[in-house]
Every structure is written in C-alpha cells, then in structure tokens.
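Undergrad: Got a structure here, written out as structure tokens. Questions coming.
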Amino acid sequence: MRHVLVIEDDANSALVFRKILEKRAGCRVTLTEDPAEVLAYVRSGTVSLVVLDVSLRHSRWQGELVGGVEICRLIRTESGRHVPVLLATAHAMRGDAERLLQESGADDYVSKPIVDQDQFAKRALRLMERAA
C-alpha cells in the first residue's frame, strides 16, 4: 500500500487530504508537522508521496521555524532517493506556482481548498506512479 506523508498545520485541510488520499487513492496517510519525522520517514524508503503545505506555523528544524519550501529542500538534500513532493497552498497568486516549484524543488503544486477531489487524487497517483 502506498504511504503518503501530509505536512499540514490546518486540521481541516489535513483531514481533507487524508480522506481523499485514503478513499480515492487507496493510500495509507501519516499526518505530521515535524521535519525530523518527515526526514526519518523519507529516509526509511516507505514514503510514496509527500503533500506539503507551503505556510506552516509550528514546524521547527534545528530550533528555527521552517515552512514548506525549506522542508522540501531538506527532503531533496537529505534523501537518498527521489520522493515526489506536492506543494499545497491557499495563497496562490499568478506566478506563485512556478516560483515555489523552482525555490523548493517540488514536483507539483496544488491550490487549497481542494475543489475537485477526483482530480487531486489522480494528480497524486500520477506523481507516485512516475516515481515508482
């Protein structure tokens, strides 16, 4: 079974991601905001996808507050294999997607709230299949 990490500080958004990924994509989902836990899972080789909120309020790495862009960079430098990362943000402006993807090294980008659940599930599955 595919394992997806969801890094999200909004409880409602985390629940939506979990429900979509479990019910429509057949994935096992782990919710966390802890970058150290994220890296441990990624290093373990058991993660098929990371869904990562861009704006995080509580995530700390080495004592410093970090957001999704920084966590994605950590995943890219710390992991031995490529795990697809799907950035998620509620603050989407024209040009943001390209800039955030370039800054973070993420594979794709989605705006919150998720309007089309089927489309989101298909997008997540495509990223996992491409990386497999």
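Ligands are numbered from 1 in the order shown, residues from 1 within each chain, and chains are lettered A, B, ... in the order they appear in the structure tokens.
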Write out as a PyMOL selection string each polymer residue whose atoms come within 12 Å of Ala40 (chain A), counting only C-alpha atoms; drop sequence neighbours fewer than 4 positions from it.
TA: chain A and resi 5+32+34-36+44-47+74-75+78-80
Undergrad: Produce a file of the selected residues containing all heavy atoms, as a CSV table (one decimal), in the first residue's frame.
TA:
chain,number,residue,atom,x,y,z
A,5,LEU,N,2.9,11.0,3.2
A,5,LEU,CA,3.0,11.9,4.3
A,5,LEU,C,2.3,13.2,4.0
A,5,LEU,O,2.5,13.8,2.9
A,5,LEU,CB,4.5,12.3,4.5
A,5,LEU,CG,5.4,11.2,5.2
A,5,LEU,CD1,6.8,11.8,5.3
A,5,LEU,CD2,4.9,10.8,6.5
A,32,THR,N,1.8,14.8,9.9
A,32,THR,CA,2.9,15.3,10.8
A,32,THR,C,3.2,16.8,10.5
A,32,THR,O,2.9,17.2,9.4
A,32,THR,CB,4.2,14.5,10.8
A,32,THR,OG1,5.1,14.9,11.7
A,32,THR,CG2,4.8,14.5,9.4
A,34,ASP,N,6.4,17.7,11.9
A,34,ASP,CA,7.7,17.7,12.4
A,34,ASP,C,8.7,17.3,11.3
A,34,ASP,O,8.7,16.2,10.8
A,34,ASP,CB,7.8,16.6,13.5
A,34,ASP,CG,9.2,16.5,14.1
A,34,ASP,OD1,10.1,17.2,13.7
A,34,ASP,OD2,9.3,15.6,15.0
A,35,PRO,N,9.6,18.3,10.9
A,35,PRO,CA,10.5,18.0,9.8
A,35,PRO,C,11.4,16.8,10.1
A,35,PRO,O,11.8,16.0,9.2
A,35,PRO,CB,11.3,19.3,9.7
A,35,PRO,CG,10.4,20.3,10.3
A,35,PRO,CD,9.6,19.7,11.3
A,36,ALA,N,11.8,16.6,11.4
A,36,ALA,CA,12.7,15.4,11.7
A,36,ALA,C,11.9,14.1,11.4
A,36,ALA,O,12.5,13.2,10.9
A,36,ALA,CB,13.1,15.5,13.1
A,44,SER,N,13.5,6.2,5.4
A,44,SER,CA,13.2,4.8,5.5
A,44,SER,C,12.8,4.1,4.2
A,44,SER,O,12.8,2.9,4.2
A,44,SER,CB,12.0,4.7,6.5
A,44,SER,OG,10.8,5.0,5.9
A,45,GLY,N,12.5,4.9,3.2
A,45,GLY,CA,12.1,4.3,1.9
A,45,GLY,C,10.7,3.9,1.8
A,45,GLY,O,10.3,3.2,0.9
A,46,THR,N,9.9,4.2,2.8
A,46,THR,CA,8.5,3.7,2.8
A,46,THR,C,7.5,4.8,2.3
A,46,THR,O,6.3,4.5,2.3
A,46,THR,CB,8.1,3.3,4.2
A,46,THR,OG1,8.1,4.5,5.1
A,46,THR,CG2,9.0,2.3,4.8
A,47,VAL,N,8.0,5.9,1.9
A,47,VAL,CA,7.1,7.0,1.5
A,47,VAL,C,7.0,7.1,0.0
A,47,VAL,O,8.0,7.1,-0.7
A,47,VAL,CB,7.6,8.4,2.1
A,47,VAL,CG1,6.7,9.5,1.6
A,47,VAL,CG2,7.6,8.3,3.6
A,74,LEU,N,15.1,20.3,2.4
A,74,LEU,CA,15.7,19.3,3.3
A,74,LEU,C,15.4,17.9,2.7
A,74,LEU,O,16.4,17.0,2.7
A,74,LEU,CB,15.1,19.4,4.7
A,74,LEU,CG,15.5,20.5,5.6
A,74,LEU,CD1,14.6,20.6,6.8
A,74,LEU,CD2,17.0,20.4,5.9
A,75,ILE,N,14.2,17.6,2.3
A,75,ILE,CA,13.9,16.3,1.7
A,75,ILE,C,14.8,16.0,0.5
A,75,ILE,O,15.3,14.9,0.4
A,75,ILE,CB,12.4,16.2,1.3
A,75,ILE,CG1,11.5,16.2,2.5
A,75,ILE,CG2,12.1,15.0,0.4
A,75,ILE,CD1,10.0,16.5,2.2
A,78,GLU,N,18.5,15.5,1.9
A,78,GLU,CA,18.7,14.5,2.9
A,78,GLU,C,18.4,13.1,2.4
A,78,GLU,O,18.8,12.1,3.0
A,78,GLU,CB,17.9,14.8,4.2
A,78,GLU,CG,18.3,16.1,4.8
A,78,GLU,CD,19.3,15.9,5.9
A,78,GLU,OE1,19.4,14.8,6.5
A,78,GLU,OE2,20.1,16.9,6.1
A,79,SER,N,17.5,13.0,1.4
A,79,SER,CA,17.1,11.7,1.0
A,79,SER,C,17.9,11.1,-0.1
A,79,SER,O,18.5,11.8,-0.9
A,79,SER,CB,15.6,11.8,0.5
A,79,SER,OG,15.5,11.5,-0.8
A,80,GLY,N,18.1,9.8,0.0
A,80,GLY,CA,18.9,9.1,-1.0
A,80,GLY,C,18.1,8.8,-2.3
A,80,GLY,O,18.8,8.4,-3.3
Undergrad: Ser13 (chain A): which residues within 10 Å, counting only C-alpha atoms, same-chain residues fewer than 4 positions away excluded, as an MDAnalysis selection string?
TA: chainID A and resid 6 8:9 17:19 53 88 112:114
Undergrad: Quick check, in Å to one decimal: how far apart do CA of Pro84 (chain A) and CA of Arg24 (chain A) lie?
TA: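 Interatomic distance, CA of Pro84 (chain A) to CA of Arg24 (chain A): 18.5 Å.
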Undergrad: Calculated over only C-alpha atoms, which of the candidates A:Val50, A:Val110, A:Gly67, A:Gln62 has the smallest distance to His82 (chain A)?
TA: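 Nearest candidate to His82 (chain A) out of A:Val50, A:Val110, A:Gly67, A:Gln62: A:Val50.
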Undergrad: What does the distance between CA of Ala25 (chain A) and CA of Leu52 (chain A) come to in Å, to one decimal place?
TA: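 CA of Ala25 (chain A) sits 17.1 Å away from CA of Leu52 (chain A).
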Undergrad: For each of A:Ala97, A:Ile7, A:Leu127, A:Met1, take the minimum atom-to-atom distance to Ser59 (chain A), counting only C-alpha atoms, then give the residue where this is smallest.
TA: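 That would be A:Ile7, the residue with the smallest distance to Ser59 (chain A).
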Undergrad: Identify, with DSSP run on backbone atoms, the residues in region 21-110 of chain A assigned to strand (DSSP E or B), and express the list as a list in words.
TA: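 Secondary structure check on region 21-110 of chain A, strand (DSSP E or B): Arg28, Val29, Thr30, Leu31, Thr32, Leu49, Val50, Val51, Leu52, Asp53, Arg60, Trp61, Glu64, Leu65, Val85, Leu86, Leu87, Ala88, Thr89, Asp108, Tyr109 and Val110 of chain A.
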Undergrad: List the spatial neighbours of Val69 (chain A) as a list in words - criterion: any atom at most 9 Å away, only C-alpha atoms, same-chain residues fewer than 3 positions off excluded.
TA: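 Final neighbour list, sorted by chain and number: Leu52, Asp53, Val54, Ser55, Val66, Cys72, Arg73, Leu74, Leu87, Leu100, Leu101, Glu103, Ser104, Gly105 and Ala106 of chain A.
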Undergrad: So that I have them on file, write out the residues from the current selection with N, CA and C atoms, as a PDB file, in the first residue's frame.
TA:
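Here's the written file out23.pdb:
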ATOM      1  N   LEU A  52       2.768  18.728   1.006  1.00  0.00           N
ATOM      2  CA  LEU A  52       3.450  19.671   1.889  1.00  0.00           C
ATOM      3  C   LEU A  52       2.850  21.062   1.784  1.00  0.00           C
ATOM      4  N   ASP A  53       2.270  21.530   2.893  1.00  0.00           N
ATOM      5  CA  ASP A  53       1.749  22.893   2.957  1.00  0.00           C
ATOM      6  C   ASP A  53       2.924  23.873   2.886  1.00  0.00           C
ATOM      7  N   VAL A  54       2.754  24.935   2.124  1.00  0.00           N
ATOM      8  CA  VAL A  54       3.821  25.928   1.984  1.00  0.00           C
ATOM      9  C   VAL A  54       3.972  26.747   3.272  1.00  0.00           C
ATOM     10  N   SER A  55       2.847  27.145   3.868  1.00  0.00           N
ATOM     11  CA  SER A  55       2.863  28.009   5.058  1.00  0.00           C
ATOM     12  C   SER A  55       2.594  27.184   6.308  1.00  0.00           C
ATOM     13  N   VAL A  66      10.392  26.705  10.198  1.00  0.00           N
ATOM     14  CA  VAL A  66      10.580  26.457   8.767  1.00  0.00           C
ATOM     15  C   VAL A  66       9.223  26.263   8.097  1.00  0.00           C
ATOM     16  N   CYS A  72      10.930  21.029   1.924  1.00  0.00           N
ATOM     17  CA  CYS A  72      11.138  20.353   0.640  1.00  0.00           C
ATOM     18  C   CYS A  72      12.632  20.318   0.290  1.00  0.00           C
ATOM     19  N   ARG A  73      13.324  21.419   0.521  1.00  0.00           N
ATOM     20  CA  ARG A  73      14.777  21.443   0.271  1.00  0.00           C
ATOM     21  C   ARG A  73      15.493  20.411   1.134  1.00  0.00           C
ATOM     22  N   LEU A  74      15.087  20.290   2.404  1.00  0.00           N
ATOM     23  CA  LEU A  74      15.683  19.276   3.288  1.00  0.00           C
ATOM     24  C   LEU A  74      15.445  17.875   2.732  1.00  0.00           C
ATOM     25  N   LEU A  87       3.394  20.412  -3.399  1.00  0.00           N
ATOM     26  CA  LEU A  87       3.184  21.583  -2.547  1.00  0.00           C
ATOM     27  C   LEU A  87       1.714  21.964  -2.557  1.00  0.00           C
ATOM     28  N   LEU A 100       7.466  28.932  -6.552  1.00  0.00           N
ATOM     29  CA  LEU A 100       7.544  27.984  -5.445  1.00  0.00           C
ATOM     30  C   LEU A 100       8.162  26.656  -5.874  1.00  0.00           C
ATOM     31  N   LEU A 101       7.807  26.177  -7.055  1.00  0.00           N
ATOM     32  CA  LEU A 101       8.396  24.932  -7.548  1.00  0.00           C
ATOM     33  C   LEU A 101       9.893  25.078  -7.739  1.00  0.00           C
ATOM     34  N   GLU A 103      11.948  27.343  -6.253  1.00  0.00           N
ATOM     35  CA  GLU A 103      12.620  27.567  -4.963  1.00  0.00           C
ATOM     36  C   GLU A 103      12.734  26.288  -4.140  1.00  0.00           C
ATOM     37  N   SER A 104      11.710  25.440  -4.220  1.00  0.00           N
ATOM     38  CA  SER A 104      11.643  24.284  -3.330  1.00  0.00           C
ATOM     39  C   SER A 104      12.220  23.007  -3.927  1.00  0.00           C
ATOM     40  N   GLY A 105      12.118  22.865  -5.255  1.00  0.00           N
ATOM     41  CA  GLY A 105      12.487  21.610  -5.884  1.00  0.00           C
ATOM     42  C   GLY A 105      11.344  20.596  -5.878  1.00  0.00           C
ATOM     43  N   ALA A 106      10.124  21.052  -5.547  1.00  0.00           N
ATOM     44  CA  ALA A 106       8.952  20.164  -5.526  1.00  0.00           C
ATOM     45  C   ALA A 106       8.579  19.748  -6.944  1.00  0.00           C
TER      46      ALA A 106
END
Undergrad: Between A:Leu65, A:Ile20, A:Leu15, A:Cys27, which residue has the minimum interatomic distance to Met128 (chain A), considering only C-alpha atoms?
TA: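 Closest to Met128 (chain A), using only C-alpha atoms: A:Cys27.
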Undergrad: Considering only C-alpha atoms, state which residue in the set A:Leu125, A:Leu56, A:Val85, A:Leu31 is at the smallest distance from Tyr109 (chain A).
TA: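 Of all the options, A:Val85 lies closest to Tyr109 (chain A).
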Undergrad: Run DSSP on the backbone of this structure and report the residues of chain A it assigns to helix (DSSP H, G or I), as number ranges by chain.
TA: A: 11-23, 35-44, 68-78, 96-104, 117-131
Undergrad: I'd like the interatomic distance between CA of Val29 (chain A) and CA of Glu129 (chain A), to a tenth of an Å.
TA: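 Value for the CA of Val29 (chain A)-CA of Glu129 (chain A) distance: 16.7 Å.
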